[in-house]
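Below is coords_14.txt, which holds compact mmCIF, C-alpha atoms.
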```
# COMPACT_ATOMS: atom_id res chain seq x y z
CA MET P 1060 0.00 0.00 0.00
CA ALA P 1061 1.24 3.49 -0.81
CA GLY P 1062 2.77 5.49 2.02
CA ARG P 1063 0.38 7.91 3.68
CA ASP P 1064 2.87 10.74 3.09
CA ARG P 1065 1.83 10.78 -0.56
CA PHE P 1066 -1.82 11.49 0.27
CA THR P 1067 -3.09 15.04 -0.11
CA ASP P 1068 -4.70 16.76 2.86
CA ARG P 1069 -8.14 16.19 1.33
CA ALA P 1070 -7.44 12.49 0.80
CA ARG P 1071 -6.23 12.12 4.39
CA ARG P 1072 -9.35 13.87 5.62
CA ALA P 1073 -11.54 11.61 3.45
CA LEU P 1074 -9.90 8.54 4.98
CA ALA P 1075 -10.36 9.94 8.48
CA LEU P 1076 -14.02 10.55 7.69
CA ALA P 1077 -14.24 7.01 6.32
CA GLU P 1078 -13.25 5.69 9.74
CA ARG P 1079 -15.80 8.00 11.37
CA GLU P 1080 -18.48 6.59 9.05
CA ALA P 1081 -17.48 3.04 9.98
CA ARG P 1082 -17.84 3.90 13.67
CA ARG P 1083 -21.18 5.60 13.05
CA LEU P 1084 -22.47 2.45 11.37
CA GLN P 1085 -20.98 0.36 14.20
CA HIS P 1086 -18.72 -1.58 11.87
CA ALA P 1087 -15.48 -3.12 13.13
CA HIS P 1088 -13.47 -2.42 9.95
CA VAL P 1089 -13.11 0.36 7.39
CA ASP P 1090 -14.52 -1.05 4.16
CA THR P 1091 -14.92 0.40 0.67
CA GLU P 1092 -18.36 1.86 1.37
CA HIS P 1093 -16.91 3.89 4.23
CA VAL P 1094 -14.19 5.25 1.94
CA LEU P 1095 -16.85 6.28 -0.57
CA LEU P 1096 -18.83 8.00 2.19
CA GLY P 1097 -15.64 9.70 3.35
CA LEU P 1098 -15.03 11.07 -0.15
CA VAL P 1099 -18.47 12.64 -0.41
CA GLU P 1100 -18.43 13.86 3.20
CA GLU P 1101 -15.10 15.63 2.58
CA GLY P 1102 -17.13 17.55 0.05
CA ASP P 1103 -14.59 19.64 -1.85
CA GLY P 1104 -12.15 17.24 -3.47
CA VAL P 1105 -11.81 16.29 -7.11
CA ALA P 1106 -13.69 13.03 -6.44
CA VAL P 1107 -16.99 14.77 -5.63
CA LYS P 1108 -16.61 16.98 -8.70
CA VAL P 1109 -16.10 13.89 -10.85
CA LEU P 1110 -19.16 12.20 -9.33
CA ALA P 1111 -21.24 15.34 -9.88
CA ARG P 1112 -20.22 15.44 -13.54
CA LEU P 1113 -21.40 11.84 -13.75
CA GLY P 1114 -24.77 12.79 -12.26
CA LEU P 1115 -24.16 11.51 -8.74
CA GLU P 1116 -24.46 13.95 -5.84
CA GLY P 1117 -23.33 13.38 -2.28
CA GLY P 1118 -26.83 12.84 -0.95
CA ASP P 1119 -27.46 10.21 -3.63
CA VAL P 1120 -24.31 8.34 -2.63
CA ARG P 1121 -25.14 8.40 1.06
CA ALA P 1122 -28.70 7.18 0.47
CA ALA P 1123 -27.48 4.36 -1.80
CA VAL P 1124 -24.86 3.20 0.70
CA GLU P 1125 -27.38 3.30 3.55
CA ARG P 1126 -29.62 1.01 1.51
CA ALA P 1127 -26.78 -1.33 0.58
CA VAL P 1128 -25.24 -1.95 4.00
CA VAL P 1129 -26.55 -3.15 7.32
CA ARG P 1130 -25.74 -1.30 10.52
CA GLY P 1131 -23.40 -3.39 12.64
CA THR P 1132 -23.30 -4.19 16.34
CA SER P 1133 -19.65 -3.47 17.17
CA ALA P 1134 -19.02 -1.55 20.36
CA ALA P 1135 -17.06 1.70 20.17
CA VAL P 1136 -13.29 1.24 20.59
CA ASP P 1137 -10.52 3.78 21.16
CA ARG P 1138 -8.04 2.21 18.75
CA GLU P 1139 -7.81 2.90 15.02
CA LEU P 1140 -10.12 0.64 13.03
CA PRO P 1141 -8.34 -1.79 10.69
CA LEU P 1142 -8.84 -1.74 6.93
CA THR P 1143 -10.49 -4.65 5.16
CA GLY P 1144 -8.62 -6.49 2.43
CA ARG P 1145 -10.92 -4.83 -0.11
CA THR P 1146 -9.99 -1.38 1.16
CA LYS P 1147 -6.27 -2.18 1.10
CA LYS P 1148 -6.66 -3.34 -2.48
CA ALA P 1149 -8.53 -0.15 -3.40
CA LEU P 1150 -5.74 1.99 -1.90
CA ALA P 1151 -3.15 0.00 -3.81
CA THR P 1152 -5.05 0.46 -7.08
CA ALA P 1153 -5.45 4.16 -6.23
CA ALA P 1154 -1.66 4.41 -6.21
CA ALA P 1155 -1.58 2.62 -9.56
CA GLU P 1156 -4.11 5.09 -10.98
CA ALA P 1157 -2.01 8.02 -9.75
CA LYS P 1158 1.04 6.53 -11.47
CA ARG P 1159 -0.98 6.00 -14.63
CA LEU P 1160 -1.88 9.71 -14.65
CA GLY P 1161 1.71 10.71 -13.92
CA HIS P 1162 0.89 12.10 -10.48
CA ALA P 1163 3.33 11.91 -7.58
CA TYR P 1164 0.55 12.52 -5.07
CA LEU P 1165 -2.58 10.58 -4.09
CA GLY P 1166 -5.74 12.67 -4.06
CA THR P 1167 -9.44 12.01 -3.62
CA GLU P 1168 -9.74 11.41 -7.36
CA HIS P 1169 -7.27 8.53 -7.14
CA LEU P 1170 -9.16 7.04 -4.20
CA LEU P 1171 -12.35 7.10 -6.27
CA LEU P 1172 -10.58 5.52 -9.25
CA GLY P 1173 -9.06 2.95 -6.91
CA LEU P 1174 -12.50 1.92 -5.64
CA LEU P 1175 -13.70 1.51 -9.22
CA ARG P 1176 -10.62 -0.33 -10.46
CA ALA P 1177 -10.61 -2.73 -7.50
CA GLY P 1178 -14.29 -3.39 -8.25
CA GLU P 1179 -15.05 -5.02 -4.92
CA GLY P 1180 -17.35 -4.30 -2.01
CA ALA P 1181 -20.43 -2.18 -1.53
CA ALA P 1182 -18.79 0.95 -2.97
CA ALA P 1183 -18.26 -0.72 -6.33
CA GLY P 1184 -21.86 -1.94 -6.32
CA VAL P 1185 -23.26 1.52 -5.52
CA LEU P 1186 -21.16 3.16 -8.23
CA ALA P 1187 -21.97 0.50 -10.82
CA ALA P 1188 -25.71 0.80 -10.10
CA ALA P 1189 -25.43 4.55 -10.74
CA GLY P 1190 -23.72 3.93 -14.09
CA VAL P 1191 -20.31 5.12 -12.91
CA THR P 1192 -17.61 3.13 -14.68
CA LEU P 1193 -13.83 3.29 -14.41
CA ASP P 1194 -13.43 4.59 -17.96
CA ARG P 1195 -16.03 7.34 -17.46
CA ALA P 1196 -14.53 8.36 -14.13
CA ARG P 1197 -11.05 8.47 -15.63
CA ALA P 1198 -12.27 10.72 -18.43
CA GLU P 1199 -14.08 13.07 -16.04
CA THR P 1200 -11.06 13.16 -13.72
CA VAL P 1201 -8.89 14.38 -16.58
CA GLY P 1202 -11.61 16.91 -17.44
CA VAL P 1203 -11.81 18.27 -13.89
CA LEU P 1204 -8.03 18.46 -13.48
CA SER P 1205 -7.63 20.24 -16.81
CA GLN P 1206 -9.94 23.07 -15.78
CA PRO P 1207 -8.27 26.33 -14.75
CA PRO P 1208 -8.58 27.06 -11.04
CA PRO P 1209 -11.56 29.28 -10.21
CA SER P 1210 -10.87 32.92 -9.47
CA GLU P 1211 -10.86 33.53 -5.73
CA THR P 1212 -11.01 37.31 -5.91
CA GLY P 1213 -13.28 38.54 -3.12
CA LEU P 1214 -13.63 35.05 -1.58
CA LYS P 1215 -12.60 34.00 1.91
CA ARG P 1216 -11.79 30.51 3.18
CA TYR P 1217 -12.54 29.41 6.73
CA ASN P 1218 -11.93 26.20 8.64
CA VAL P 1219 -14.94 25.33 10.80
CA VAL P 1220 -14.38 23.29 13.95
CA LEU P 1221 -17.52 21.79 15.50
CA PRO P 1222 -17.96 20.37 19.02
CA ASP P 1223 -18.52 16.62 18.96
CA ASP P 1224 -22.10 16.88 20.25
CA LEU P 1225 -23.05 19.46 17.59
CA PHE P 1226 -21.43 17.37 14.86
CA ARG P 1227 -23.37 14.30 16.01
CA GLU P 1228 -26.64 16.24 15.86
CA LEU P 1229 -25.81 17.49 12.36
CA GLN P 1230 -24.78 14.00 11.26
CA GLU P 1231 -28.04 12.50 12.55
CA LEU P 1232 -30.05 15.15 10.70
CA ALA P 1233 -27.98 14.63 7.55
CA ASP P 1234 -28.63 10.88 7.76
CA GLN P 1235 -32.37 11.48 8.06
CA ARG P 1236 -32.33 13.79 5.04
CA HIS P 1237 -29.95 11.55 3.04
CA THR P 1238 -27.47 14.36 2.58
CA SER P 1239 -24.10 15.43 4.01
CA VAL P 1240 -23.08 17.64 6.92
CA VAL P 1241 -21.38 19.99 4.46
CA GLU P 1242 -24.60 20.45 2.47
CA LEU P 1243 -26.61 20.99 5.67
CA MET P 1244 -24.21 23.73 6.79
CA ARG P 1245 -24.53 25.43 3.42
CA ARG P 1246 -28.31 25.42 3.77
CA PHE P 1247 -28.12 26.80 7.31
CA LEU P 1248 -25.82 29.58 6.16
CA ARG P 1249 -28.20 30.53 3.35
CA LEU P 1250 -31.13 30.50 5.80
CA GLY P 1251 -29.17 32.59 8.27
CA LEU P 1252 -28.37 35.19 5.60
CA LEU P 1253 -32.03 35.30 4.58
CA VAL P 1254 -33.24 35.76 8.15
CA THR P 1255 -30.64 38.48 8.71
CA ARG P 1256 -31.83 40.40 5.65
CA VAL P 1257 -35.46 40.07 6.74
CA SER P 1258 -34.70 41.26 10.27
CA GLU P 1259 -33.03 44.36 8.88
CA THR P 1260 -35.94 45.23 6.58
CA PRO P 1261 -38.76 47.22 8.26
CA GLY P 1262 -42.18 45.61 7.93
CA SER P 1263 -40.77 42.22 6.90
CA ALA P 1264 -41.26 38.87 8.61
CA VAL P 1265 -40.40 35.21 8.21
CA ILE P 1266 -43.47 33.04 7.60
CA VAL P 1267 -43.28 29.32 8.36
CA ARG P 1268 -45.89 27.14 6.64
CA GLU P 1269 -46.83 23.80 8.24
CA GLY P 1270 -49.39 22.11 6.05
CA ASP P 1271 -52.32 24.52 5.86
CA ARG P 1272 -51.12 26.57 8.82
CA GLU P 1273 -48.82 29.58 8.74
CA ARG P 1274 -46.85 31.08 11.59
CA GLU P 1275 -44.95 34.35 11.72
CA LEU P 1276 -41.58 34.13 13.47
CA LEU P 1277 -40.64 36.95 15.78
CA LEU P 1278 -37.02 37.93 15.09
CA LEU P 1279 -35.33 39.35 18.19
```
Take the structure in the file and give it back as structure tokens.
Amino acid sequence: MAGRDRFTDRARRALALAEREARRLQHAHVDTEHVLLGLVEEGDGVAVKVLARLGLEGGDVRAAVERAVVRGTSAAVDRELPLTGRTKKALATAAAEAKRLGHAYLGTEHLLLGLLRAGEGAAAGVLAAAGVTLDRARAETVGVLSQPPPSETGLKRYNVVLPDDLFRELQELADQRHTSVVELMRRFLRLGLLVTRVSETPGSAVIVREGDRERELLLL
């Protein structure tokens, strides 16, 4: 298996999130479906852009994986969860895909290609059912990587650190809505901006509709 020093920060984060997903599902090992969930939960890597170009959004992936796997019964442990043989094979083929593309690093795109090339486990089944093939993913990867970087004039980047209890609440809500924590936070930010604009506009109010009933929210 390729040394972890070759992984990009996003790929490392995706693998850390994969272990978190395995723990959430009470599984004793990190399998390919957890890696796939980690890729979409990371949210900003090349892999999610490739999947989006192939018509597969993060919420779709999460919902499909939830249908494909069964929640386990393993108790929480403090040690690092081991990788399954399928996951080790996928990481090895990810390194082969990086070499094939002439890349010295291992990014989220290579992890996705590794899952497809290995062709084993629930991740491969979910991707195949969605019509995502290795050849198509390779082509879209080249397409994404060949795009010029977006202009960041006027944009700011922030790292958000959430308390464990808040993250768990967001994760539970994301699971119920078959989406990701990243997408939920984007929605909350948009809602917060909307409410702020309304509160600053005289004579305006936020109306919440529940079935046939409407309620006006008092903004303090």
What does the structure give for the distance between CA of Leu1229 in chain P and CA of Leu1250 in chain P, in Å to one decimal?
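Taking CA of Leu1229 in chain P and CA of Leu1250 in chain P, their separation equals 15.5 Å.
Shortest atom-to-atom contact with Leu1204 in chain P among P:Leu1160, P:Ala1087, P:Ala1122, P:Val1129: P:Leu1160, counting all atoms listed in the file.
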Atom-to-atom span, CA of Ala1189 in chain P and CA of Ala1151 in chain P, Å
23.8 Å
Skip Arg1145 in chain P itself and residues of its chain fewer than 2 positions away, then list as number ranges by chain all residues within 8 Å of it, counting all atoms listed in the file.
P: 1090-1091, 1142-1143, 1147-1149, 1177, 1179-1180
What is the distance between CA of Val1257 in chain P and CA of Pro1222 in chain P, in Å to one decimal?
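Interatomic distance here is 29.1 Å.
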Quick one: residues within 12 Å of Leu1174 in chain P, all atoms listed in the file counted, chain neighbours fewer than 5 positions away excluded, as number ranges by chain?
P: 1090-1096, 1098, 1106, 1145-1156, 1167-1169, 1179-1187, 1191-1193, 1196
For each of P:Gly1144, P:Gly1166, P:Arg1071, P:Thr1255, take the minimum atom-to-atom distance to Val1089 in chain P, counting all atoms listed in the file, then give the residue where this is smallest.
P:Gly1144
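Ranking P:Arg1069, P:His1162, P:Arg1272, P:Arg1083 by their shortest atom-to-atom distance to Arg1130 in chain P, with only C-alpha atoms included, puts P:Arg1083 first.
Comparing P:Leu1171, P:Val1109, P:Val1128, P:Val1099 by their smallest distance to Ala1081 in chain P, the closest is P:Val1128 (using all atoms listed in the file).
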Among listed residues P:Gly1161, P:Gln1206, P:Leu1084, P:Glu1101, nearest Val1240 in chain P (using only C-alpha atoms):
P:Glu1101
Between P:Ala1111, P:Leu1074, P:Thr1132, P:Gly1117, smallest distance to His1086 in chain P by only C-alpha atoms belongs to P:Thr1132
Leu1076 in chain P: which residues within 7 Å, counting only C-alpha atoms, same-chain residues fewer than 4 positions away excluded, as a PDB file with C-alpha atoms, keeping the file's coordinate frame?
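The resulting file, part.pdb, is reproduced below:
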```
ATOM      1  CA  ARG P1072      -9.350  13.870   5.620  1.00  0.00           C
ATOM      2  CA  GLU P1080     -18.480   6.590   9.050  1.00  0.00           C
ATOM      3  CA  GLY P1097     -15.640   9.700   3.350  1.00  0.00           C
TER       4      GLY P1097
END
```
